[in-house]
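Structure below is data.txt: compact mmCIF, C-alpha atoms.
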```
# COMPACT_ATOMS: atom_id res chain seq x y z
CA MET A 1 -19.17 7.25 -15.37
CA VAL A 2 -18.73 4.92 -12.39
CA SER A 3 -15.23 3.40 -12.27
CA ASP A 4 -15.60 0.72 -9.58
CA ALA A 5 -18.69 -0.91 -8.13
CA TYR A 6 -17.15 -0.94 -4.63
CA THR A 7 -16.48 2.82 -4.69
CA PRO A 8 -19.24 4.14 -6.97
CA THR A 9 -18.91 7.81 -5.92
CA SER A 10 -15.18 7.96 -6.71
CA GLY A 11 -13.35 8.44 -9.97
CA ASP A 12 -14.36 9.17 -13.55
CA GLU A 13 -13.69 6.88 -16.53
CA CYS A 14 -14.09 9.74 -19.03
CA TYR A 15 -10.39 10.60 -18.75
CA ASP A 16 -7.11 9.10 -17.52
CA VAL A 17 -4.49 11.00 -15.54
CA GLU A 18 -0.88 10.50 -16.66
CA SER A 19 0.86 12.63 -14.01
CA TYR A 20 0.24 14.68 -10.87
CA ASP A 21 2.46 17.59 -9.86
CA LEU A 22 1.55 18.62 -6.30
CA ASP A 23 2.99 21.69 -4.60
CA LEU A 24 1.88 21.81 -0.96
CA ARG A 25 2.58 24.40 1.76
CA TYR A 26 1.67 22.91 5.12
CA ALA A 27 1.45 24.73 8.45
CA VAL A 28 1.90 22.00 11.05
CA ARG A 29 0.66 23.94 14.07
CA THR A 30 -2.62 24.95 12.47
CA ASN A 31 -3.00 21.93 10.13
CA HIS A 32 -3.54 24.29 7.20
CA LEU A 33 -2.77 23.49 3.59
CA GLU A 34 -2.22 25.91 0.69
CA ALA A 35 -1.67 23.96 -2.49
CA ARG A 36 -1.49 23.80 -6.26
CA ALA A 37 -2.13 20.63 -8.25
CA THR A 38 -1.21 20.26 -11.91
CA ILE A 39 -2.92 17.26 -13.47
CA ASN A 40 -1.91 16.05 -16.93
CA ALA A 41 -4.51 13.78 -18.48
CA VAL A 42 -5.89 12.25 -21.68
CA ALA A 43 -9.56 12.25 -22.62
CA ALA A 44 -11.14 8.84 -23.09
CA VAL A 45 -14.23 10.35 -24.73
CA ASP A 46 -15.12 13.76 -26.14
CA LEU A 47 -15.27 16.12 -23.17
CA ARG A 48 -16.45 19.59 -22.30
CA ALA A 49 -16.31 19.09 -18.52
CA VAL A 50 -14.34 16.88 -16.15
CA SER A 51 -14.95 15.80 -12.57
CA LEU A 52 -12.24 15.64 -9.92
CA ASP A 53 -12.56 14.07 -6.49
CA LEU A 54 -11.87 16.66 -3.75
CA ILE A 55 -13.17 16.51 -0.18
CA GLY A 56 -12.93 19.01 2.68
CA LEU A 57 -10.74 21.51 0.80
CA ARG A 58 -11.86 24.49 -1.26
CA ALA A 59 -10.73 25.27 -4.79
CA SER A 60 -10.12 28.95 -5.50
CA ARG A 61 -8.81 28.96 -9.08
CA VAL A 62 -8.89 26.42 -11.90
CA SER A 63 -7.43 26.54 -15.38
CA VAL A 64 -7.45 24.17 -18.34
CA ASP A 65 -4.42 24.29 -20.63
CA GLY A 66 -3.48 27.62 -19.06
CA VAL A 67 -6.87 29.26 -19.60
CA LEU A 68 -9.09 30.12 -16.64
CA ALA A 69 -12.04 27.76 -16.37
CA THR A 70 -15.36 27.87 -14.59
CA PHE A 71 -15.97 25.27 -11.91
CA LYS A 72 -18.56 24.12 -9.42
CA GLN A 73 -17.66 22.37 -6.19
CA GLY A 74 -19.83 20.02 -4.18
CA PRO A 75 -19.04 18.01 -1.05
CA ARG A 76 -17.22 15.26 -2.99
CA HIS A 77 -16.42 16.55 -6.46
CA LEU A 78 -14.98 19.51 -8.28
CA ARG A 79 -16.60 19.82 -11.70
CA VAL A 80 -14.57 21.85 -14.18
CA THR A 81 -15.98 23.17 -17.44
CA SER A 82 -13.28 23.48 -20.07
CA PRO A 83 -13.10 26.76 -22.03
CA HIS A 84 -12.70 24.62 -25.16
CA PRO A 85 -13.86 21.15 -26.27
CA ILE A 86 -11.49 18.27 -25.57
CA ALA A 87 -11.59 15.46 -28.13
CA ALA A 88 -11.20 11.77 -27.27
CA GLY A 89 -7.49 10.92 -27.23
CA GLU A 90 -6.47 14.55 -26.70
CA SER A 91 -4.07 15.49 -23.89
CA PHE A 92 -5.01 18.33 -21.56
CA SER A 93 -3.72 19.90 -18.35
CA LEU A 94 -5.67 21.07 -15.30
CA GLU A 95 -4.28 23.40 -12.65
CA VAL A 96 -6.19 23.67 -9.38
CA ARG A 97 -5.34 26.02 -6.54
CA TYR A 98 -6.96 24.99 -3.28
CA SER A 99 -6.65 25.33 0.48
CA GLY A 100 -8.11 24.37 3.84
CA ARG A 101 -7.61 22.20 6.88
CA PRO A 102 -7.37 18.62 5.64
CA SER A 103 -8.99 15.87 7.68
CA PRO A 104 -10.08 12.25 7.21
CA ARG A 105 -13.29 11.52 5.36
CA ARG A 106 -15.96 9.27 6.77
CA SER A 107 -16.40 6.06 4.84
CA THR A 108 -17.70 2.50 4.97
CA TRP A 109 -14.25 1.55 6.27
CA GLY A 110 -13.95 4.28 8.91
CA PRO A 111 -12.14 7.64 8.73
CA ILE A 112 -9.46 7.65 6.02
CA GLY A 113 -7.18 10.18 4.33
CA TRP A 114 -5.08 13.03 5.70
CA GLU A 115 -4.86 12.77 9.49
CA GLU A 116 -3.51 15.37 11.90
CA LEU A 117 -1.23 13.89 14.57
CA GLU A 118 -0.12 15.28 17.91
CA GLU A 119 2.85 16.81 16.11
CA GLY A 120 2.61 16.51 12.36
CA SER A 121 0.40 14.56 9.98
CA LEU A 122 0.12 11.37 7.98
CA VAL A 123 -1.77 10.09 4.98
CA ALA A 124 -3.59 6.74 5.02
CA SER A 125 -5.76 6.73 1.89
CA GLN A 126 -6.79 3.15 1.12
CA PRO A 127 -9.18 2.95 -0.63
CA ILE A 128 -10.71 6.44 -1.20
CA GLY A 129 -8.82 8.88 1.05
CA ALA A 130 -6.66 10.61 -1.57
CA PRO A 131 -9.19 13.43 -2.28
CA THR A 132 -8.77 14.67 1.32
CA TRP A 133 -5.43 16.22 0.31
CA PHE A 134 -5.35 16.64 -3.47
CA PRO A 135 -7.83 16.78 -6.37
CA CYS A 136 -7.63 13.56 -8.34
CA ASN A 137 -9.28 10.94 -10.47
CA ASP A 138 -9.58 8.52 -7.57
CA ARG A 139 -9.65 5.18 -9.38
CA PRO A 140 -7.49 2.15 -8.53
CA ASP A 141 -6.99 1.47 -12.24
CA ASN A 142 -5.76 4.99 -13.11
CA ARG A 143 -2.10 4.94 -12.13
CA ALA A 144 0.10 7.95 -12.78
CA SER A 145 3.54 9.38 -12.06
CA PHE A 146 3.85 11.83 -9.15
CA THR A 147 5.91 14.86 -8.26
CA ILE A 148 5.24 15.95 -4.68
CA ALA A 149 6.74 19.07 -3.10
CA VAL A 150 5.92 19.87 0.53
CA THR A 151 7.00 23.07 2.26
CA ALA A 152 6.77 22.82 6.06
CA ASP A 153 8.19 24.60 9.08
CA THR A 154 11.91 23.99 9.52
CA GLY A 155 12.36 21.42 12.26
CA TYR A 156 9.88 19.06 10.69
CA THR A 157 10.87 16.36 8.23
CA VAL A 158 8.79 15.20 5.28
CA ALA A 159 8.68 11.64 3.94
CA ALA A 160 6.61 11.03 0.82
CA THR A 161 6.00 8.68 -2.06
CA GLY A 162 8.94 8.51 -4.46
CA ARG A 163 12.63 9.28 -4.24
CA ARG A 164 13.71 12.51 -2.61
CA VAL A 165 15.24 14.82 -5.23
CA ALA A 166 15.77 18.08 -3.32
CA VAL A 167 15.64 19.72 0.11
CA THR A 168 15.74 23.54 0.13
CA LYS A 169 15.58 25.91 3.08
CA GLN A 170 13.29 28.91 2.55
CA GLY A 171 13.59 31.24 5.52
CA ARG A 172 11.82 29.56 8.43
CA ALA A 173 10.51 26.79 6.20
CA THR A 174 12.01 23.87 4.28
CA ARG A 175 10.82 22.56 0.94
CA TRP A 176 11.04 18.81 0.34
CA GLU A 177 10.65 17.47 -3.21
CA PHE A 178 9.94 13.89 -4.27
CA ARG A 179 9.56 12.22 -7.63
CA SER A 180 8.00 8.87 -8.51
CA ASP A 181 8.19 7.65 -12.09
CA VAL A 182 6.54 4.29 -11.41
CA PRO A 183 2.79 4.14 -12.10
CA THR A 184 1.08 4.85 -8.77
CA ALA A 185 -2.58 4.66 -7.80
CA THR A 186 -3.96 7.71 -6.01
CA TYR A 187 -4.61 5.71 -2.83
CA LEU A 188 -0.91 4.73 -2.74
CA ALA A 189 0.42 8.31 -2.79
CA ALA A 190 1.34 9.51 0.69
CA VAL A 191 2.91 12.35 2.68
CA HIS A 192 4.13 12.15 6.28
CA VAL A 193 5.24 15.20 8.28
CA GLY A 194 6.75 15.02 11.74
CA PRO A 195 9.71 15.79 14.02
CA TYR A 196 11.58 12.93 12.39
CA ARG A 197 15.19 11.96 12.10
CA GLU A 198 16.23 9.50 9.43
CA LYS A 199 18.56 6.53 9.52
CA ALA A 200 19.63 4.14 6.79
CA LEU A 201 18.93 0.46 7.37
CA GLY A 202 20.50 -1.44 4.49
CA SER A 203 18.67 -0.25 1.38
CA ALA A 204 15.76 1.05 3.49
CA THR A 205 15.44 4.35 5.36
CA ILE A 206 13.75 4.75 8.74
CA PHE A 207 12.03 8.00 9.75
CA ALA A 208 11.20 8.36 13.46
CA PRO A 209 11.37 11.01 16.18
CA GLY A 210 14.88 11.23 17.67
CA GLY A 211 13.91 9.74 21.01
CA LEU A 212 12.11 6.87 19.29
CA LEU A 213 14.75 6.16 16.65
CA PRO A 214 16.84 3.60 18.62
CA ARG A 215 13.71 1.59 19.44
CA ALA A 216 12.50 1.82 15.85
CA ARG A 217 15.88 0.59 14.57
CA ARG A 218 15.74 -2.43 16.89
CA ALA A 219 12.15 -3.29 15.91
CA LEU A 220 12.93 -2.94 12.18
CA ALA A 221 16.39 -4.54 12.31
CA ASP A 222 15.29 -7.56 10.27
CA VAL A 223 13.98 -5.46 7.35
CA PRO A 224 17.11 -6.08 5.21
CA ARG A 225 16.73 -9.84 5.76
CA MET A 226 13.01 -9.64 4.97
CA LEU A 227 13.73 -7.83 1.71
CA ALA A 228 16.41 -10.37 0.79
CA CYS A 229 14.00 -13.23 1.54
CA PHE A 230 11.22 -11.73 -0.55
CA GLU A 231 13.56 -10.93 -3.42
CA ARG A 232 14.63 -14.57 -3.48
CA VAL A 233 11.04 -15.82 -3.45
CA PHE A 234 9.18 -13.09 -5.36
CA GLY A 235 11.82 -11.41 -7.54
CA PRO A 236 13.72 -8.09 -7.38
CA TYR A 237 12.42 -5.31 -5.14
CA PRO A 238 10.23 -3.31 -7.54
CA GLN A 239 10.12 0.18 -5.99
CA GLU A 240 12.30 3.29 -6.21
CA ALA A 241 12.56 3.59 -2.42
CA CYS A 242 11.92 1.66 0.77
CA THR A 243 10.85 4.23 3.36
CA LEU A 244 9.59 3.21 6.79
CA VAL A 245 7.94 5.88 8.95
CA VAL A 246 7.32 5.35 12.67
CA THR A 247 4.98 7.89 14.28
CA PRO A 248 5.04 8.64 18.03
CA ASP A 249 1.25 8.18 17.94
CA GLU A 250 -0.47 4.83 18.23
CA LEU A 251 -2.15 3.73 15.01
CA GLU A 252 -4.92 1.16 14.61
CA ILE A 253 -3.09 -0.54 11.75
CA PRO A 254 0.10 0.04 9.77
CA LEU A 255 -0.40 0.90 6.13
CA GLU A 256 1.64 0.73 2.95
CA ALA A 257 2.00 3.32 0.23
CA GLN A 258 4.11 3.21 -2.94
CA GLY A 259 7.67 2.47 -1.73
CA LEU A 260 6.68 3.44 1.80
CA ALA A 261 4.98 2.11 4.93
CA VAL A 262 3.90 3.80 8.16
CA PHE A 263 3.77 2.20 11.60
CA GLY A 264 2.52 3.49 14.93
CA VAL A 265 4.70 3.34 18.03
CA ASN A 266 2.49 0.46 19.18
CA HIS A 267 3.66 -1.65 16.22
CA LEU A 268 7.26 -1.79 17.46
CA ALA A 269 6.48 -4.63 19.87
CA PRO A 270 7.99 -8.02 18.87
CA GLU A 271 4.58 -9.62 18.40
CA HIS A 272 3.92 -7.21 15.51
CA GLU A 273 6.91 -8.29 13.43
CA ARG A 274 4.56 -10.07 11.04
CA LEU A 275 2.98 -6.70 10.19
CA ILE A 276 6.35 -5.38 9.04
CA ALA A 277 6.68 -8.33 6.67
CA HIS A 278 3.10 -7.81 5.52
CA GLU A 279 3.61 -4.15 4.57
CA LEU A 280 6.94 -4.85 2.85
CA ALA A 281 5.33 -7.60 0.78
CA HIS A 282 2.76 -5.12 -0.52
CA GLN A 283 5.57 -3.43 -2.45
CA TRP A 284 5.39 -6.47 -4.75
CA PHE A 285 1.69 -7.30 -4.34
CA GLY A 286 -0.65 -4.34 -4.60
CA ASN A 287 1.89 -1.60 -5.26
CA SER A 288 3.81 -3.13 -8.18
CA VAL A 289 1.39 -5.82 -9.34
CA GLY A 290 -1.76 -3.77 -8.91
CA ILE A 291 -5.46 -4.44 -9.16
CA GLY A 292 -7.76 -2.37 -11.31
CA ALA A 293 -10.92 -3.39 -9.44
CA TRP A 294 -11.37 -3.72 -5.68
CA ARG A 295 -13.16 -7.06 -6.05
CA ASP A 296 -9.72 -8.60 -6.72
CA ILE A 297 -8.29 -7.41 -3.40
CA TRP A 298 -7.52 -10.99 -2.33
CA LEU A 299 -4.55 -10.80 -4.73
CA ASN A 300 -3.08 -7.98 -2.64
CA GLU A 301 -3.93 -9.17 0.83
CA GLY A 302 -3.67 -12.91 0.28
CA PHE A 303 -0.09 -12.56 -0.94
CA ALA A 304 0.80 -10.13 1.87
CA CYS A 305 -0.57 -12.53 4.48
CA TYR A 306 1.18 -15.48 2.82
CA SER A 307 4.40 -13.43 2.95
CA GLU A 308 4.05 -13.18 6.74
CA TRP A 309 4.16 -16.97 6.83
CA VAL A 310 7.13 -17.11 4.45
CA TRP A 311 9.10 -14.76 6.71
CA SER A 312 8.10 -16.71 9.84
CA GLU A 313 9.55 -19.89 8.36
CA GLU A 314 12.65 -18.07 7.05
CA SER A 315 13.36 -16.55 10.48
CA GLY A 316 13.04 -19.81 12.41
CA GLY A 317 9.45 -19.44 13.55
CA PRO A 318 6.43 -21.59 12.72
CA THR A 319 6.49 -22.90 9.15
CA VAL A 320 4.16 -21.92 6.33
CA ASP A 321 2.36 -25.25 6.72
CA ASP A 322 1.99 -24.82 10.49
CA LEU A 323 0.57 -21.32 10.13
CA ALA A 324 -1.71 -22.40 7.29
CA ALA A 325 -3.10 -25.23 9.42
CA ASP A 326 -3.76 -22.83 12.31
CA ALA A 327 -5.43 -20.30 10.02
CA HIS A 328 -7.57 -22.99 8.42
CA THR A 329 -8.77 -24.18 11.83
CA ARG A 330 -9.66 -20.64 12.89
CA LEU A 331 -11.48 -19.85 9.63
CA ALA A 332 -13.42 -23.10 9.82
CA GLY A 333 -14.90 -21.85 13.10
CA LEU A 334 -16.07 -18.55 11.61
CA PRO A 335 -19.20 -17.88 9.53
CA GLN A 336 -18.91 -19.28 6.01
CA ASP A 337 -20.66 -16.34 4.36
CA ILE A 338 -17.99 -14.61 2.32
CA VAL A 339 -16.80 -15.04 -1.28
CA ILE A 340 -13.23 -13.79 -1.28
CA GLY A 341 -13.03 -13.51 -5.07
CA ASP A 342 -15.71 -10.78 -4.88
CA PRO A 343 -16.35 -10.03 -1.19
CA GLY A 344 -18.33 -6.81 -1.61
CA ALA A 345 -17.33 -3.36 -0.43
CA GLY A 346 -18.30 -3.93 3.19
CA ASP A 347 -16.12 -7.04 3.52
CA MET A 348 -13.17 -6.16 1.30
CA PHE A 349 -10.93 -5.69 4.36
CA ASP A 350 -12.36 -8.59 6.35
CA ASP A 351 -9.58 -10.71 7.82
CA ARG A 352 -11.14 -13.77 6.19
CA VAL A 353 -10.23 -12.30 2.78
CA TYR A 354 -6.62 -12.03 3.94
CA LYS A 355 -6.34 -15.46 5.53
CA ARG A 356 -8.34 -17.42 2.97
CA GLY A 357 -6.41 -15.62 0.23
CA ALA A 358 -3.18 -16.86 1.80
CA LEU A 359 -4.65 -20.35 2.18
CA THR A 360 -5.58 -20.33 -1.51
CA LEU A 361 -1.90 -19.78 -2.31
CA VAL A 362 -0.79 -22.54 0.07
CA ALA A 363 -3.36 -24.91 -1.45
CA LEU A 364 -2.11 -24.03 -4.94
CA ARG A 365 1.51 -24.59 -3.88
CA ARG A 366 0.65 -28.02 -2.53
CA LEU A 367 -1.34 -28.91 -5.61
CA ILE A 368 1.24 -27.93 -8.26
CA GLY A 369 4.44 -28.44 -6.23
CA GLU A 370 6.75 -25.91 -4.62
CA ASP A 371 9.14 -25.55 -7.57
CA ALA A 372 6.33 -24.81 -10.02
CA PHE A 373 4.71 -22.44 -7.53
CA VAL A 374 7.90 -20.43 -7.01
CA ARG A 375 8.43 -20.18 -10.78
CA MET A 376 4.84 -19.06 -11.21
CA VAL A 377 5.03 -16.35 -8.54
CA ARG A 378 8.26 -14.94 -9.92
CA GLU A 379 6.69 -14.92 -13.38
CA TRP A 380 3.63 -13.17 -11.92
CA THR A 381 5.67 -10.33 -10.41
CA ALA A 382 7.82 -9.98 -13.54
CA GLN A 383 5.02 -10.16 -16.10
CA HIS A 384 2.82 -7.66 -14.23
CA ARG A 385 5.53 -5.40 -12.78
CA HIS A 386 3.96 -1.96 -12.35
CA THR A 387 0.86 -2.97 -14.27
CA LEU A 388 -2.67 -4.04 -13.41
CA ALA A 389 -3.68 -7.68 -13.05
CA THR A 390 -6.87 -9.60 -12.40
CA THR A 391 -7.90 -12.87 -10.83
CA ALA A 392 -8.48 -14.18 -14.36
CA ASP A 393 -4.86 -13.31 -15.21
CA PHE A 394 -3.66 -15.25 -12.16
CA ILE A 395 -5.74 -18.30 -13.07
CA ALA A 396 -4.45 -18.17 -16.65
CA LEU A 397 -0.85 -18.13 -15.43
CA ALA A 398 -1.49 -21.05 -13.07
CA GLU A 399 -3.02 -23.07 -15.92
CA SER A 400 -0.13 -22.18 -18.22
CA THR A 401 2.36 -23.22 -15.54
CA VAL A 402 0.90 -26.69 -15.03
CA GLY A 403 -0.55 -27.23 -18.51
CA ARG A 404 -4.09 -28.06 -17.44
CA ALA A 405 -7.39 -26.39 -16.54
CA MET A 406 -7.70 -25.25 -12.91
CA GLY A 407 -11.10 -23.58 -12.97
CA ALA A 408 -12.63 -26.01 -10.47
CA PHE A 409 -9.84 -25.43 -7.96
CA PHE A 410 -10.15 -21.64 -8.10
CA ASP A 411 -13.95 -21.72 -8.08
CA GLU A 412 -13.84 -23.73 -4.86
CA TRP A 413 -11.34 -21.44 -3.13
CA LEU A 414 -12.39 -18.04 -4.46
CA HIS A 415 -16.03 -18.22 -5.47
CA THR A 416 -17.77 -20.55 -3.01
CA ARG A 417 -18.57 -19.75 0.59
CA PRO A 418 -17.73 -23.01 2.42
CA LEU A 419 -14.02 -23.26 3.29
CA PRO A 420 -12.44 -26.14 1.31
CA PRO A 421 -10.04 -28.58 3.00
CA LEU A 422 -6.35 -27.96 2.42
CA PRO A 423 -4.68 -30.47 0.11
CA SER A 424 -2.17 -32.72 1.81
CA ALA A 425 1.24 -31.16 2.37
```
In structure tokens, what does this structure look like?
Amino acid sequence: MVSDAYTPTSGDECYDVESYDLDLRYAVRTNHLEARATINAVAAVDLRAVSLDLIGLRASRVSVDGVLATFKQGPRHLRVTSPHPIAAGESFSLEVRYSGRPSPRRSTWGPIGWEELEEGSLVASQPIGAPTWFPCNDRPDNRASFTIAVTADTGYTVAATGRRVAVTKQGRATRWEFRSDVPTATYLAAVHVGPYREKALGSATIFAPGGLLPRARRALADVPRMLACFERVFGPYPQEACTLVVTPDELEIPLEAQGLAVFGVNHLAPEHERLIAHELAHQWFGNSVGIGAWRDIWLNEGFACYSEWVWSEESGGPTVDDLAADAHTRLAGLPQDIVIGDPGAGDMFDDRVYKRGALTLVALRRLIGEDAFVRMVREWTAQHRHTLATTADFIALAESTVGRAMGAFFDEWLHTRPLPPLPSA
């Protein structure tokens, strides 16, 4: 069964995963992975077979509830036939042993997933890269808890989704274990391996190569102030960790994961400070308040872009209103051929979705007043903390906040192509 119209070859609605337990052994020099995944799930319908997303890696042994199972693997999916029927509502456990040299998958949005670096590796999975390193039910609406253990050569450090619970030396290797109890989408699970040293920065932790660490600390020095600003505006920080990884490689874009963000060395320049704010804001919008369907991505990216403007004003730069006016002028000069409330798979990461999403929030703030807007946003992050939300949910909260219908406003901003004028400040 197709789970999302934007990613029709990913995920299966016939079952829901409750937890992943991943045990990875990674050889950095050869980029080789030997792994075991234990997947605890619940059937949504009567089942005799289940489909897992797995790309570029080969399964060698599969069991269901401890009993060996037959399986067939294609280029995108691992189909497992259970040795016994599984009734709707019944819990079951899959164990998959697999191996190979992980690499990014080709997609509409470019290569995504596990990426080998000059010295180490990273994971950048949004939206469908998770199957390049573990078998999963790759749906944005199927969030689960994660246990991730990575054994790598001693001398390399591992940063991953969740809180670190153990580090154990095993001969010439070191095993790093992480646990995340917050519901996490597969695309937001991540592992980063490199010659990193770590340094605390307030409540956050920076991971960077030793020679790059002083520069990384300077570039990220305002992170504690950013977090304090966003907590005041959006509510308490919702994640178990705040991990910031800086690779010695240049990256096209930084990317967030659950409680974590990765930046390339090229993102340490002062002009990229807004990107740091953007990725931190995703810990509230996208990673805590999540979307179950990619068509609602404006809720993630609009808020993250708006947060850039909030931080700019907080730190003495251009105000939210100044930046909104500039963005509106730029968007007005671009083609008016996108509906940000349902942009389509090809345009879901178009910058117009980000900027017009942020402008929608500015327009709403001007329309209902700043005090009401702040109350509404804090209610939004509290009400939907670590749950899924939709555009309809957001509209309902806005209408509840002001006590009147707002369908026409949201139709104009989210569901029509021409860019509306901003209300007066």
Would you mind listing, for every residue of region 114-175 of chain A within 10 Å of region 262-283 of chain A, the two atoms forming the shortest contact and the distance between them in Å to one decimal, using all atoms listed in the file, sorted by chain and ascending residue number, as CSV?
```
residue,atom,partner,partner_atom,distance
A:Leu122,CA,A:Val262,CA,8.5
A:Val123,CA,A:Val262,CA,9.0
A:Ala124,CA,A:Val262,CA,8.6
```
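Counting all atoms listed in the file and comparing A:Ile297, A:Val223, A:Ile55, A:Ala408, the residue that lies closest to Ser99 (chain A) is A:Ile55.
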Hey, can you check how far CA of Asp46 (chain A) sits from CA of Val64 (chain A)? 15.1 Å
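For the atom pair formed by CA of Thr247 (chain A) and CA of Tyr26 (chain A), the distance is 17.9 Å, given to one decimal.
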Can you work out the spacing between CA of Leu367 (chain A) and CA of Ile291 (chain A) in Å, to one decimal? 25.1 Å
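Restricting the calculation to only C-alpha atoms, the smallest distance between Thr108 (chain A) and any of A:Leu299, A:Ala327, A:Met348, A:Val158 is found for A:Met348.
In terms of minimum interatomic distance to Cys305 (chain A), A:Gly357 ranks closest within A:Gly357, A:Gly407, A:Gly290, A:Gly66, counting only C-alpha atoms.
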Would you mind listing what lies within 7 Å of region 78-89 of chain A as a VMD selection string, with only C-alpha atoms counted and same-chain residues fewer than 3 positions away left out? chain A and resid 42 to 54 64 69 to 74
May I have the selected residues written with C-alpha atoms, as an mmCIF file, keeping the file's coordinate frame?
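Printed below is again-v6.cif as written:
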```cif
data_model
loop_
_atom_site.group_PDB
_atom_site.id
_atom_site.type_symbol
_atom_site.label_atom_id
_atom_site.label_comp_id
_atom_site.auth_asym_id
_atom_site.auth_seq_id
_atom_site.Cartn_x
_atom_site.Cartn_y
_atom_site.Cartn_z
ATOM 1 C CA VAL A 42 -5.890 12.250 -21.680
ATOM 2 C CA ALA A 43 -9.560 12.250 -22.620
ATOM 3 C CA ALA A 44 -11.140 8.840 -23.090
ATOM 4 C CA VAL A 45 -14.230 10.350 -24.730
ATOM 5 C CA ASP A 46 -15.120 13.760 -26.140
ATOM 6 C CA LEU A 47 -15.270 16.120 -23.170
ATOM 7 C CA ARG A 48 -16.450 19.590 -22.300
ATOM 8 C CA ALA A 49 -16.310 19.090 -18.520
ATOM 9 C CA VAL A 50 -14.340 16.880 -16.150
ATOM 10 C CA SER A 51 -14.950 15.800 -12.570
ATOM 11 C CA LEU A 52 -12.240 15.640 -9.920
ATOM 12 C CA ASP A 53 -12.560 14.070 -6.490
ATOM 13 C CA LEU A 54 -11.870 16.660 -3.750
ATOM 14 C CA VAL A 64 -7.450 24.170 -18.340
ATOM 15 C CA ALA A 69 -12.040 27.760 -16.370
ATOM 16 C CA THR A 70 -15.360 27.870 -14.590
ATOM 17 C CA PHE A 71 -15.970 25.270 -11.910
ATOM 18 C CA LYS A 72 -18.560 24.120 -9.420
ATOM 19 C CA GLN A 73 -17.660 22.370 -6.190
ATOM 20 C CA GLY A 74 -19.830 20.020 -4.180
#
```
Give, as lines of an AutoDock Vina configuration file, the centre coordinates and the x, y and z edge lengths in Å to one decimal for an axis-aligned box around all listed atoms of region 312-328 of chain A, padded by 4 Å on each side.
```
center_x = 2.9
center_y = -20.9
center_z = 9.9
size_x = 28.9
size_y = 16.7
size_z = 15.2
```
Counting all atoms listed in the file, closest pick from A:Thr391, A:Ser93, A:Ser400, A:Thr360 relative to Glu412 (chain A) is A:Thr360
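Counting all atoms listed in the file and comparing A:Arg163, A:His384, A:His328, A:Arg215, the residue that lies closest to Gln239 (chain A) is A:Arg163.
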Top pick for closest residue to Arg365 (chain A), considering A:Cys136, A:Ile395, A:Leu334, A:Val377 and counting all atoms listed in the file: A:Val377
Which neighbours of Glu399 (chain A) fall inside 12 Å, counting all atoms listed in the file, when residues of the same chain fewer than 2 positions from it are skipped, and could you give them as a list in words? Leu364, Leu367, Ile368, Ala372, Phe373, Met376, Ala392, Asp393, Phe394, Ile395, Ala396, Leu397, Thr401, Val402, Gly403, Arg404, Ala405, Met406, Gly407, Ala408, Phe409 and Phe410 of chain A
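Every protein, DNA or RNA residue with an atom at most 9 Å from region 189-191 of chain A, where all atoms listed in the file count and chain neighbours fewer than 6 positions away do not, is listed here: Trp114, Ser121, Leu122, Val123, Ala124, Ser125, Ala130, Phe146, Ile148, Val150, Val158, Ala159, Ala160, Thr161, Gly162, Ala257, Gln258 and Leu260 of chain A.
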Keeping only C-alpha atoms, take the residues you just selected and write them out as an mmCIF file, in the coordinates of the input.
```cif
data_model
loop_
_atom_site.group_PDB
_atom_site.id
_atom_site.type_symbol
_atom_site.label_atom_id
_atom_site.label_comp_id
_atom_site.auth_asym_id
_atom_site.auth_seq_id
_atom_site.Cartn_x
_atom_site.Cartn_y
_atom_site.Cartn_z
ATOM 1 C CA TRP A 114 -5.080 13.030 5.700
ATOM 2 C CA SER A 121 0.400 14.560 9.980
ATOM 3 C CA LEU A 122 0.120 11.370 7.980
ATOM 4 C CA VAL A 123 -1.770 10.090 4.980
ATOM 5 C CA ALA A 124 -3.590 6.740 5.020
ATOM 6 C CA SER A 125 -5.760 6.730 1.890
ATOM 7 C CA ALA A 130 -6.660 10.610 -1.570
ATOM 8 C CA PHE A 146 3.850 11.830 -9.150
ATOM 9 C CA ILE A 148 5.240 15.950 -4.680
ATOM 10 C CA VAL A 150 5.920 19.870 0.530
ATOM 11 C CA VAL A 158 8.790 15.200 5.280
ATOM 12 C CA ALA A 159 8.680 11.640 3.940
ATOM 13 C CA ALA A 160 6.610 11.030 0.820
ATOM 14 C CA THR A 161 6.000 8.680 -2.060
ATOM 15 C CA GLY A 162 8.940 8.510 -4.460
ATOM 16 C CA ALA A 257 2.000 3.320 0.230
ATOM 17 C CA GLN A 258 4.110 3.210 -2.940
ATOM 18 C CA LEU A 260 6.680 3.440 1.800
#
```
Residues within 8 Å of (-12.0, 18.1, 1.2), file coords, all atoms listed in the file, listed as a list in words: Leu54, Ile55, Gly56, Leu57, Arg58, Pro75, Arg76, Gly100, Pro102, Ser103, Arg105, Pro131, Thr132 and Trp133 of chain A
Contacts of Trp294 (chain A) within 9 Å, all atoms listed in the file, excl. fewer than 3 positions in-chain, as number ranges by chain: A: 4-7, 127, 140, 291, 297-298, 342, 344-345, 348
